[in-house]
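Just below is one structure, and these are the notes that go with it.
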Amino acid sequence: MEQAVIHSPLGPLTLFAEDGHLIALVFGDYGGYDDLPLFRQARHQLEEYFAGQRRTFSLPLAPEGTAFQRRVWQTLLHIPYGQVISYRDLAAQVGSPRAFQAVGQANGRNPLPILIPCHRVIAADGTLGGYSSGVGHKAFLLRLEGVQVPESAPPRRLGKRGVSAH
């Protein structure tokens with residue numbers, strides 16, 4: 001397995017590849033500075049994306065997961081740039097309309113965030129839901145794509161015991 005670190009507005013990203021395909025993108029610097037053509041191509045496309053000049057990626061991807069997870073990840077590739085769908089809508093598109101929790105789990109296990117745009121899936125109530133590298137990164141990516149992102153809700157009072165976030 002080869003790996004390379006690239007720099008982005010979200011900090012360092014480590015790309016992992018096997019057999020000429022990207023298999024993972026991880027937030028953080030996990031070392032590795034291979035200069036394979038695949039990594040140069042990925043770096044260039046990610047730079048274009050972060051500069052607002054690229055809306056889709058054309059890289060060879062080979063994420064490892066169950067058949068269900070791969071079906072979810074394949075469906076994510078069809079969510080257009082700058083648009084969002086709910087976990088429930090994603091479950092329906094995958095062909096398992098009642099499996100929105102399983103779809104959410106598969107979404108969270110996406111090994112190639114950004115390249116497979118799991119950040120474009122939000123909760124049915126319009127809130128962001130979760131993101132494997134933090135909701136702040138998800139909000140950044142959605143704003144980059146022109147999506148109106150709600151400000152986080154103020155904490156809710158629980159009486160004399162204090163304050164609890166939603």
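Chains: A, B, ... in order of the structure tokens. Residues: from 1 per chain. Ligands: from 1, in order shown.
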
Determine, counting only C-alpha atoms, which protein, DNA and RNA residues have an atom within 9 Å of an atom of region 126-142 of chain A; residues of the same chain fewer than 2 positions away are not included. Present the result as a PyMOL selection string. chain A and resi 10+26-27+50+82-84+86+104+107-110+113-114+118-124+144-150+152

Secondary structure check, helix (DSSP H, G or I) residues of region 60-159 of chain A, as number ranges by chain: A: 67-76, 87-94, 100-108, 118-120, 135-144, 159

Among chain A, which residues does DSSP mark as strand (DSSP E) when it is run on the backbone? Keep the chain and numbering as in the structure and answer as a PyMOL selection string. chain A and resi 2-8+11-18+21-27+85-86+121-122+156-157+163-164

I need the chosen residues saved as a PDB file, in the first residue's frame, with N, CA and C atoms.
```pdb
ATOM      1  N   GLU A   2       0.531   2.189  -0.847  1.00  0.00           N
ATOM      2  CA  GLU A   2       1.248   3.459  -0.914  1.00  0.00           C
ATOM      3  C   GLU A   2       0.395   4.528  -0.238  1.00  0.00           C
ATOM      4  N   GLN A   3       1.058   5.569   0.234  1.00  0.00           N
ATOM      5  CA  GLN A   3       0.319   6.674   0.825  1.00  0.00           C
ATOM      6  C   GLN A   3       1.061   7.975   0.606  1.00  0.00           C
ATOM      7  N   ALA A   4       0.279   9.049   0.614  1.00  0.00           N
ATOM      8  CA  ALA A   4       0.838  10.391   0.416  1.00  0.00           C
ATOM      9  C   ALA A   4      -0.014  11.392   1.164  1.00  0.00           C
ATOM     10  N   VAL A   5       0.632  12.400   1.701  1.00  0.00           N
ATOM     11  CA  VAL A   5      -0.052  13.472   2.417  1.00  0.00           C
ATOM     12  C   VAL A   5      -0.160  14.671   1.494  1.00  0.00           C
ATOM     13  N   ILE A   6      -1.346  15.247   1.461  1.00  0.00           N
ATOM     14  CA  ILE A   6      -1.544  16.494   0.726  1.00  0.00           C
ATOM     15  C   ILE A   6      -2.101  17.519   1.701  1.00  0.00           C
ATOM     16  N   HIS A   7      -1.940  18.764   1.377  1.00  0.00           N
ATOM     17  CA  HIS A   7      -2.422  19.825   2.246  1.00  0.00           C
ATOM     18  C   HIS A   7      -3.707  20.400   1.669  1.00  0.00           C
ATOM     19  N   SER A   8      -4.615  20.766   2.564  1.00  0.00           N
ATOM     20  CA  SER A   8      -5.911  21.295   2.153  1.00  0.00           C
ATOM     21  C   SER A   8      -6.342  22.367   3.149  1.00  0.00           C
ATOM     22  N   GLY A  11      -6.694  21.116   6.583  1.00  0.00           N
ATOM     23  CA  GLY A  11      -5.508  20.516   7.178  1.00  0.00           C
ATOM     24  C   GLY A  11      -4.993  19.395   6.294  1.00  0.00           C
ATOM     25  N   PRO A  12      -4.002  18.660   6.794  1.00  0.00           N
ATOM     26  CA  PRO A  12      -3.442  17.590   5.966  1.00  0.00           C
ATOM     27  C   PRO A  12      -4.447  16.465   5.743  1.00  0.00           C
ATOM     28  N   LEU A  13      -4.376  15.881   4.553  1.00  0.00           N
ATOM     29  CA  LEU A  13      -5.172  14.715   4.188  1.00  0.00           C
ATOM     30  C   LEU A  13      -4.193  13.635   3.745  1.00  0.00           C
ATOM     31  N   THR A  14      -4.381  12.427   4.219  1.00  0.00           N
ATOM     32  CA  THR A  14      -3.532  11.320   3.801  1.00  0.00           C
ATOM     33  C   THR A  14      -4.319  10.428   2.854  1.00  0.00           C
ATOM     34  N   LEU A  15      -3.758  10.210   1.681  1.00  0.00           N
ATOM     35  CA  LEU A  15      -4.357   9.333   0.673  1.00  0.00           C
ATOM     36  C   LEU A  15      -3.655   7.980   0.719  1.00  0.00           C
ATOM     37  N   PHE A  16      -4.436   6.914   0.573  1.00  0.00           N
ATOM     38  CA  PHE A  16      -3.901   5.561   0.536  1.00  0.00           C
ATOM     39  C   PHE A  16      -4.328   4.916  -0.776  1.00  0.00           C
ATOM     40  N   ALA A  17      -3.403   4.174  -1.386  1.00  0.00           N
ATOM     41  CA  ALA A  17      -3.698   3.536  -2.668  1.00  0.00           C
ATOM     42  C   ALA A  17      -3.161   2.107  -2.690  1.00  0.00           C
ATOM     43  N   GLU A  18      -3.853   1.281  -3.459  1.00  0.00           N
ATOM     44  CA  GLU A  18      -3.410  -0.087  -3.741  1.00  0.00           C
ATOM     45  C   GLU A  18      -3.773  -0.405  -5.180  1.00  0.00           C
ATOM     46  N   HIS A  21      -5.468   2.233  -7.408  1.00  0.00           N
ATOM     47  CA  HIS A  21      -6.754   2.799  -7.009  1.00  0.00           C
ATOM     48  C   HIS A  21      -6.640   3.416  -5.623  1.00  0.00           C
ATOM     49  N   LEU A  22      -7.354   4.511  -5.419  1.00  0.00           N
ATOM     50  CA  LEU A  22      -7.423   5.094  -4.080  1.00  0.00           C
ATOM     51  C   LEU A  22      -8.362   4.239  -3.240  1.00  0.00           C
ATOM     52  N   ILE A  23      -7.914   3.895  -2.029  1.00  0.00           N
ATOM     53  CA  ILE A  23      -8.751   3.078  -1.150  1.00  0.00           C
ATOM     54  C   ILE A  23      -9.176   3.837   0.108  1.00  0.00           C
ATOM     55  N   ALA A  24      -8.481   4.935   0.430  1.00  0.00           N
ATOM     56  CA  ALA A  24      -8.860   5.699   1.621  1.00  0.00           C
ATOM     57  C   ALA A  24      -8.322   7.116   1.537  1.00  0.00           C
ATOM     58  N   LEU A  25      -9.060   8.029   2.166  1.00  0.00           N
ATOM     59  CA  LEU A  25      -8.634   9.404   2.385  1.00  0.00           C
ATOM     60  C   LEU A  25      -8.925   9.657   3.862  1.00  0.00           C
ATOM     61  N   VAL A  26      -7.883  10.018   4.606  1.00  0.00           N
ATOM     62  CA  VAL A  26      -8.011  10.202   6.047  1.00  0.00           C
ATOM     63  C   VAL A  26      -7.602  11.619   6.395  1.00  0.00           C
ATOM     64  N   PHE A  27      -8.398  12.277   7.228  1.00  0.00           N
ATOM     65  CA  PHE A  27      -8.053  13.608   7.710  1.00  0.00           C
ATOM     66  C   PHE A  27      -6.894  13.471   8.683  1.00  0.00           C
ATOM     67  N   ILE A  85     -29.179  15.610   0.375  1.00  0.00           N
ATOM     68  CA  ILE A  85     -30.347  14.743   0.532  1.00  0.00           C
ATOM     69  C   ILE A  85     -30.335  14.235   1.968  1.00  0.00           C
ATOM     70  N   SER A  86     -31.466  13.726   2.410  1.00  0.00           N
ATOM     71  CA  SER A  86     -31.557  13.193   3.770  1.00  0.00           C
ATOM     72  C   SER A  86     -31.119  11.726   3.774  1.00  0.00           C
ATOM     73  N   VAL A 121     -25.077  14.397   2.720  1.00  0.00           N
ATOM     74  CA  VAL A 121     -26.231  13.744   3.337  1.00  0.00           C
ATOM     75  C   VAL A 121     -26.470  14.391   4.696  1.00  0.00           C
ATOM     76  N   ILE A 122     -27.708  14.834   4.916  1.00  0.00           N
ATOM     77  CA  ILE A 122     -28.054  15.528   6.153  1.00  0.00           C
ATOM     78  C   ILE A 122     -29.279  14.862   6.783  1.00  0.00           C
ATOM     79  N   ARG A 156     -30.027  24.054  24.919  1.00  0.00           N
ATOM     80  CA  ARG A 156     -31.363  24.001  25.481  1.00  0.00           C
ATOM     81  C   ARG A 156     -31.261  23.915  27.004  1.00  0.00           C
ATOM     82  N   ARG A 157     -32.062  24.688  27.705  1.00  0.00           N
ATOM     83  CA  ARG A 157     -32.043  24.682  29.182  1.00  0.00           C
ATOM     84  C   ARG A 157     -32.749  23.444  29.711  1.00  0.00           C
ATOM     85  N   VAL A 163     -27.304  23.146  31.431  1.00  0.00           N
ATOM     86  CA  VAL A 163     -27.581  23.307  30.013  1.00  0.00           C
ATOM     87  C   VAL A 163     -27.116  22.058  29.290  1.00  0.00           C
ATOM     88  N   SER A 164     -27.854  21.640  28.297  1.00  0.00           N
ATOM     89  CA  SER A 164     -27.480  20.497  27.475  1.00  0.00           C
ATOM     90  C   SER A 164     -27.642  20.877  26.017  1.00  0.00           C
TER      91      SER A 164
END
```

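Each of A:Pro111, A:Gly20, A:Pro9, A:Pro117 was compared to Gln69 (chain A) using only C-alpha atoms, and A:Pro111 turns out to be the nearest.
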
Selection near Leu38 (chain A), 8 Å with only C-alpha atoms, sequence-local residues under 2 positions removed, as a PDB file with N, CA and C atoms, in the first residue's frame:
```pdb
ATOM      1  N   GLY A  20      -3.159   0.805  -7.996  1.00  0.00           N
ATOM      2  CA  GLY A  20      -3.557   1.889  -8.885  1.00  0.00           C
ATOM      3  C   GLY A  20      -4.902   2.518  -8.579  1.00  0.00           C
ATOM      4  N   HIS A  21      -5.468   2.233  -7.408  1.00  0.00           N
ATOM      5  CA  HIS A  21      -6.754   2.799  -7.009  1.00  0.00           C
ATOM      6  C   HIS A  21      -6.640   3.416  -5.623  1.00  0.00           C
ATOM      7  N   LEU A  36       3.443   9.082  -6.714  1.00  0.00           N
ATOM      8  CA  LEU A  36       2.839   8.336  -7.811  1.00  0.00           C
ATOM      9  C   LEU A  36       1.975   9.253  -8.676  1.00  0.00           C
ATOM     10  N   ARG A  40      -0.485  12.510  -7.626  1.00  0.00           N
ATOM     11  CA  ARG A  40      -0.394  13.835  -8.248  1.00  0.00           C
ATOM     12  C   ARG A  40      -1.748  14.240  -8.832  1.00  0.00           C
ATOM     13  N   GLN A  41      -2.395  13.284  -9.493  1.00  0.00           N
ATOM     14  CA  GLN A  41      -3.716  13.541 -10.076  1.00  0.00           C
ATOM     15  C   GLN A  41      -4.737  13.859  -8.971  1.00  0.00           C
ATOM     16  N   ALA A  42      -4.732  13.101  -7.886  1.00  0.00           N
ATOM     17  CA  ALA A  42      -5.658  13.339  -6.776  1.00  0.00           C
ATOM     18  C   ALA A  42      -5.387  14.700  -6.136  1.00  0.00           C
ATOM     19  N   LEU A  59     -11.236   9.945 -10.533  1.00  0.00           N
ATOM     20  CA  LEU A  59     -10.107   9.186 -10.001  1.00  0.00           C
ATOM     21  C   LEU A  59     -10.533   7.730  -9.844  1.00  0.00           C
TER      22      LEU A  59
END
```

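Separating CA of Thr56 (chain A) from CA of Leu90 (chain A) is a distance of 18.9 Å.
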
In Å, with one decimal, what is the gap from CA of Leu76 (chain A) to CA of Gly95 (chain A)? 13.2 Å
